[in-house]
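Colleague: Got a structure for you, input.txt, holding compact mmCIF, C-alpha atoms.
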# COMPACT_ATOMS: atom_id res chain seq x y z
CA MET M 69 -88.65 -12.16 -86.44
CA MET M 70 -87.29 -9.27 -84.37
CA THR M 71 -85.18 -9.80 -81.26
CA SER M 72 -86.23 -8.33 -77.92
CA ASN M 73 -83.51 -5.68 -78.33
CA GLY M 74 -84.86 -4.85 -81.79
CA VAL M 75 -88.26 -4.32 -80.17
CA LEU M 76 -86.58 -2.13 -77.53
CA LEU M 77 -85.03 0.08 -80.24
CA HIS M 78 -88.40 0.36 -82.01
CA GLU M 79 -89.97 1.40 -78.70
CA PHE M 80 -87.25 3.99 -78.11
CA TYR M 81 -87.58 5.69 -81.51
CA THR M 82 -91.38 5.43 -81.59
CA ALA M 83 -91.40 7.19 -78.21
CA PHE M 84 -88.98 9.79 -79.55
CA ALA M 85 -91.22 10.42 -82.58
CA LYS M 86 -94.11 10.98 -80.13
CA ALA M 87 -91.96 13.23 -77.89
CA ASP M 88 -92.41 10.77 -75.00
CA ALA M 89 -89.27 11.29 -72.91
CA ASP M 90 -90.58 9.07 -70.10
CA ARG M 91 -90.85 6.08 -72.43
CA MET M 92 -87.46 6.83 -73.98
CA SER M 93 -85.88 6.94 -70.52
CA ALA M 94 -87.44 3.59 -69.61
CA CYS M 95 -85.43 2.01 -72.45
CA TYR M 96 -82.12 3.01 -70.87
CA HIS M 97 -80.10 1.19 -68.22
CA SER M 98 -79.44 3.40 -65.17
CA GLU M 99 -75.72 3.37 -66.02
CA VAL M 100 -76.14 4.28 -69.70
CA VAL M 101 -73.34 6.08 -71.55
CA PHE M 102 -74.28 8.27 -74.53
CA THR M 103 -71.94 9.93 -77.02
CA ASP M 104 -72.44 12.19 -80.02
CA PRO M 105 -70.58 15.05 -81.73
CA ALA M 106 -72.78 17.77 -80.19
CA PHE M 107 -72.77 16.72 -76.50
CA GLY M 108 -69.66 14.58 -76.26
CA GLU M 109 -70.12 11.94 -73.56
CA LEU M 110 -73.03 11.90 -71.12
CA LYS M 111 -73.77 9.33 -68.42
CA GLY M 112 -76.75 8.11 -66.44
CA ARG M 113 -79.45 10.65 -65.71
CA ASP M 114 -77.77 13.28 -67.90
CA VAL M 115 -78.72 11.20 -70.95
CA GLU M 116 -82.40 11.24 -69.96
CA MET M 117 -82.26 14.96 -69.22
CA MET M 118 -80.67 15.67 -72.62
CA TRP M 119 -83.62 14.06 -74.46
CA ARG M 120 -86.10 15.88 -72.20
CA MET M 121 -84.37 19.18 -72.95
CA LEU M 122 -84.24 18.58 -76.70
CA ILE M 123 -87.91 17.60 -76.83
CA LYS M 124 -88.95 20.60 -74.73
CA ARG M 125 -86.82 23.04 -76.75
CA SER M 126 -88.34 21.76 -80.01
CA LYS M 127 -91.76 23.05 -78.87
CA GLY M 128 -93.51 20.30 -80.83
CA ASN M 129 -91.61 21.04 -84.06
CA LEU M 130 -89.51 17.90 -84.17
CA LYS M 131 -89.97 15.14 -86.72
CA ILE M 132 -88.21 11.84 -86.08
CA THR M 133 -88.09 9.01 -88.60
CA PHE M 134 -86.09 5.80 -88.32
CA ARG M 135 -85.22 2.72 -90.35
CA ASN M 136 -82.73 -0.13 -90.63
CA VAL M 137 -83.23 -1.39 -87.08
CA HIS M 138 -80.88 -4.29 -86.43
CA ALA M 139 -80.19 -5.88 -83.04
CA ASP M 140 -78.95 -9.07 -81.49
CA GLU M 141 -78.40 -10.00 -77.84
CA LYS M 142 -75.49 -7.59 -77.38
CA ASN M 143 -75.48 -4.89 -80.08
CA GLY M 144 -77.76 -2.91 -82.34
CA THR M 145 -77.89 -0.16 -84.93
CA VAL M 146 -80.52 2.27 -86.22
CA ASP M 147 -80.46 4.95 -88.91
CA TRP M 148 -82.60 7.92 -87.99
CA ILE M 149 -83.38 11.45 -89.16
CA ALA M 150 -84.25 14.48 -87.04
CA GLU M 151 -85.95 17.43 -88.72
CA TYR M 152 -86.35 20.63 -86.71
CA VAL M 153 -85.68 24.35 -86.59
CA TYR M 154 -82.45 25.17 -84.78
CA GLY M 155 -83.33 27.59 -81.98
CA GLY M 156 -80.12 29.58 -82.15
CA THR M 157 -80.68 30.79 -85.71
CA GLY M 158 -84.19 29.73 -86.74
CA ARG M 159 -82.70 27.69 -89.61
CA LYS M 160 -84.17 24.33 -90.68
CA VAL M 161 -82.01 21.30 -89.98
CA VAL M 162 -82.33 17.78 -91.38
CA ASN M 163 -79.81 15.68 -89.48
CA THR M 164 -79.09 12.12 -90.63
CA ILE M 165 -77.75 9.99 -87.80
CA HIS M 166 -76.37 6.47 -87.47
CA ALA M 167 -76.83 5.09 -83.96
CA SER M 168 -75.10 2.10 -82.45
CA PHE M 169 -76.08 0.42 -79.20
CA GLU M 170 -74.96 -2.07 -76.60
CA PHE M 171 -77.47 -3.80 -74.34
CA MET M 172 -77.39 -5.08 -70.78
CA ASP M 173 -80.19 -6.48 -68.62
CA GLY M 174 -82.74 -5.84 -71.39
CA LYS M 175 -81.91 -2.12 -71.57
CA ILE M 176 -79.65 0.19 -73.59
CA ILE M 177 -76.34 0.54 -71.73
CA ARG M 178 -74.39 2.31 -74.49
CA HIS M 179 -75.76 4.64 -77.18
CA ASN M 180 -73.52 6.31 -79.74
CA ASP M 181 -74.96 8.72 -82.32
CA GLN M 182 -72.74 9.57 -85.27
CA PHE M 183 -73.45 12.34 -87.75
CA ASP M 184 -71.56 14.76 -89.95
CA LEU M 185 -71.04 17.75 -87.67
CA TRP M 186 -69.91 19.93 -90.58
CA ALA M 187 -73.14 19.17 -92.46
CA TRP M 188 -75.09 20.01 -89.28
CA THR M 189 -73.24 23.30 -88.72
CA ARG M 190 -73.76 24.37 -92.34
CA GLN M 191 -77.51 23.90 -91.90
CA ALA M 192 -77.83 25.26 -88.36
CA LEU M 193 -75.30 28.11 -88.49
CA GLY M 194 -75.14 29.06 -92.17
CA TRP M 195 -71.92 30.62 -93.44
CA LYS M 196 -70.20 30.40 -90.03
CA GLY M 197 -70.86 26.67 -89.99
CA PHE M 198 -69.60 26.36 -93.55
CA LEU M 199 -66.34 28.11 -92.72
CA LEU M 200 -65.67 26.71 -89.23
CA GLY M 201 -67.97 23.71 -88.74
CA TRP M 202 -65.31 21.15 -89.59
CA THR M 203 -62.77 22.47 -87.06
CA PRO M 204 -62.01 21.02 -83.63
CA PHE M 205 -62.53 24.56 -82.30
CA MET M 206 -66.16 24.59 -83.49
CA LYS M 207 -66.82 21.08 -82.15
CA ALA M 208 -65.49 22.10 -78.73
CA LYS M 209 -67.56 25.30 -78.81
CA ILE M 210 -70.73 23.38 -79.68
CA GLN M 211 -70.13 20.83 -76.92
CA LYS M 212 -69.48 23.60 -74.40
CA GLN M 213 -72.73 25.35 -75.39
CA THR M 214 -74.89 22.21 -75.39
CA ASN M 215 -73.57 21.12 -72.01
CA LYS M 216 -74.18 24.61 -70.63
CA LEU M 217 -77.80 24.40 -71.84
CA LEU M 218 -78.13 20.93 -70.31
CA LYS M 219 -76.77 22.11 -66.96
CA ALA M 220 -79.25 25.01 -66.88
CA PHE M 221 -82.10 22.67 -67.84
CA LYS M 222 -81.19 20.21 -65.07
CA GLU M 223 -81.15 23.01 -62.49
CA LYS M 224 -84.71 24.00 -63.43
CA ASN M 225 -86.14 20.47 -63.65
Would you mind writing the structure in this file as structure tokens?
Modeller:
Amino acid sequence: MMTSNGVLLHEFYTAFAKADADRMSACYHSEVVFTDPAFGELKGRDVEMMWRMLIKRSKGNLKITFRNVHADEKNGTVDWIAEYVYGGTGRKVVNTIHASFEFMDGKIIRHNDQFDLWAWTRQALGWKGFLLGWTPFMKAKIQKQTNKLLKAFKEKN
């Protein structure tokens, strides 16, 4: 039998697979904190806007699969895979992610996505990612670029 938080995680990733940002957002607490290697740390509405931006930028070419959903009253984990074409280069990316969660008031209050940034940069950026993708310089550059895109998206929406 699945816990209510396990059901919540299923709802979140099912909505993601259907590109339903509204339903994804409904799974988050208003004070959510999100972290990952590409964006760094985002809080509150910025988390919702990030998913909206990523879904919109994918132009319907985003495949999300998930498995290994585990959750109790306080914490949860999910393994998920995102398949898409990276807009900056047109290269196909298959990103394998391990997500961990904390829950409060029946919502996700903390969401941490972990993935191999070097593996991602090799796929998305080709030889530049192979040479530099493991460096702190490249991580900082990626976070600066993704947050710049998010800021521009928020200003338009």
Colleague: Write out as an NGL selection string each polymer residue whose atoms come within 10 Å of range 198-207 of chain M, counting all atoms listed in the file; drop sequence neighbours fewer than 6 positions from it.
Modeller: :M and (105-108 or 184-192 or 213)
Colleague: What gap, in Å, lies between CA of Glu79 in chain M and CA of Trp119 in chain M?
Modeller: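 Computing it gives 14.8 Å between the two atoms.
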Colleague: Rounded to one decimal place, report the CA of Val115 in chain M-CA of Phe221 in chain M distance in Å.
Modeller: 12.4 Å
Colleague: Nearest to Val100 in chain M: which of M:Arg120, M:Lys222, M:His179, M:Lys212 is it, counting only C-alpha atoms?
Modeller: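 Distance minimum relative to Val100 in chain M lands on M:His179.
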Colleague: Of the candidates M:Ile149, M:Val101, M:Ser72, M:Ile132, which one gets nearest to Asp88 in chain M if we count all atoms listed in the file?
Modeller: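 So, comparing all the options, the nearest one is M:Ile132.
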Colleague: Go ahead and fit an axis-aligned box to every listed atom of range 203-217 of chain M plus 4 Å each side, and pass me the centre and edge lengths in Å, one decimal, as lines of an AutoDock Vina configuration file.
Modeller:
center_x = -69.9
center_y = 23.1
center_z = -78.8
size_x = 23.8
size_y = 12.5
size_z = 24.4
Colleague: Show which residues sit within 9 Å of Arg113 in chain M, as an MDAnalysis selection string. Count all atoms listed in the file, and ignore same-chain residues fewer than 4 positions away.
Modeller: chainID M and resid 93 98:100 117:118
Colleague: With C-alpha atoms kept, could you save the residues just selected as a short mmCIF file (atom, residue, chain, number, x, y, z; two decimals), keeping the file's coordinate frame?
Modeller:
data_model
loop_
_atom_site.label_atom_id
_atom_site.label_comp_id
_atom_site.auth_asym_id
_atom_site.auth_seq_id
_atom_site.Cartn_x
_atom_site.Cartn_y
_atom_site.Cartn_z
CA SER M 93 -85.88 6.94 -70.52
CA SER M 98 -79.44 3.40 -65.17
CA GLU M 99 -75.72 3.37 -66.02
CA VAL M 100 -76.14 4.28 -69.70
CA MET M 117 -82.26 14.96 -69.22
CA MET M 118 -80.67 15.67 -72.62
#
Colleague: Here is a test: counting only C-alpha atoms, which residue of M:Asn225, M:Met172, M:Lys111, M:Val137 is nearest to Lys124 in chain M?
Modeller: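 Answer, going by the shortest atom-to-atom distance: M:Asn225.
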Colleague: Using CA of Val75 in chain M and CA of Trp148 in chain M as the two end points, give the distance in Å to one decimal.
Modeller: 15.6 Å
Colleague: So, with all atoms listed in the file as the atoms that count, which of M:Ala87, M:Cys95, M:Leu217, M:Val162 lies closest to Arg178 in chain M?
Modeller: M:Cys95
Colleague: Which of these, M:Ala139, M:Ile176, M:Thr133, M:Gln211, has the shortest distance to Gly112 in chain M once you count all atoms listed in the file?
Modeller: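 Comparing M:Ala139, M:Ile176, M:Thr133, M:Gln211 against Gly112 in chain M, the winner is M:Ile176.
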Colleague: With all atoms listed in the file as the atoms that count, which of M:Lys175, M:Lys127, M:His78, M:Lys196 lies nearest to Glu141 in chain M?
Modeller: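 Of M:Lys175, M:Lys127, M:His78, M:Lys196, the one nearest Glu141 in chain M is M:Lys175, counting all atoms listed in the file.
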Colleague: Write out as number ranges by chain each polymer residue whose atoms come within 8 Å of Glu151 in chain M, counting only C-alpha atoms; drop sequence neighbours fewer than 3 positions from it.
Modeller: M: 130-132, 160-163
Colleague: Arg135 in chain M: which residues within 12 Å, counting all atoms listed in the file, same-chain residues fewer than 5 positions away excluded, as a PyMOL selection string?
Modeller: chain M and resi 74+77-78+81-82+145-149+164-167
Colleague: Counting all atoms listed in the file, find the residues whose atoms lie at most 6 Å from (-75.3, -4.8, -76.1) (file coordinates) and write them out as a VMD selection string.
Modeller: chain M and resid 142 to 143 170 to 172
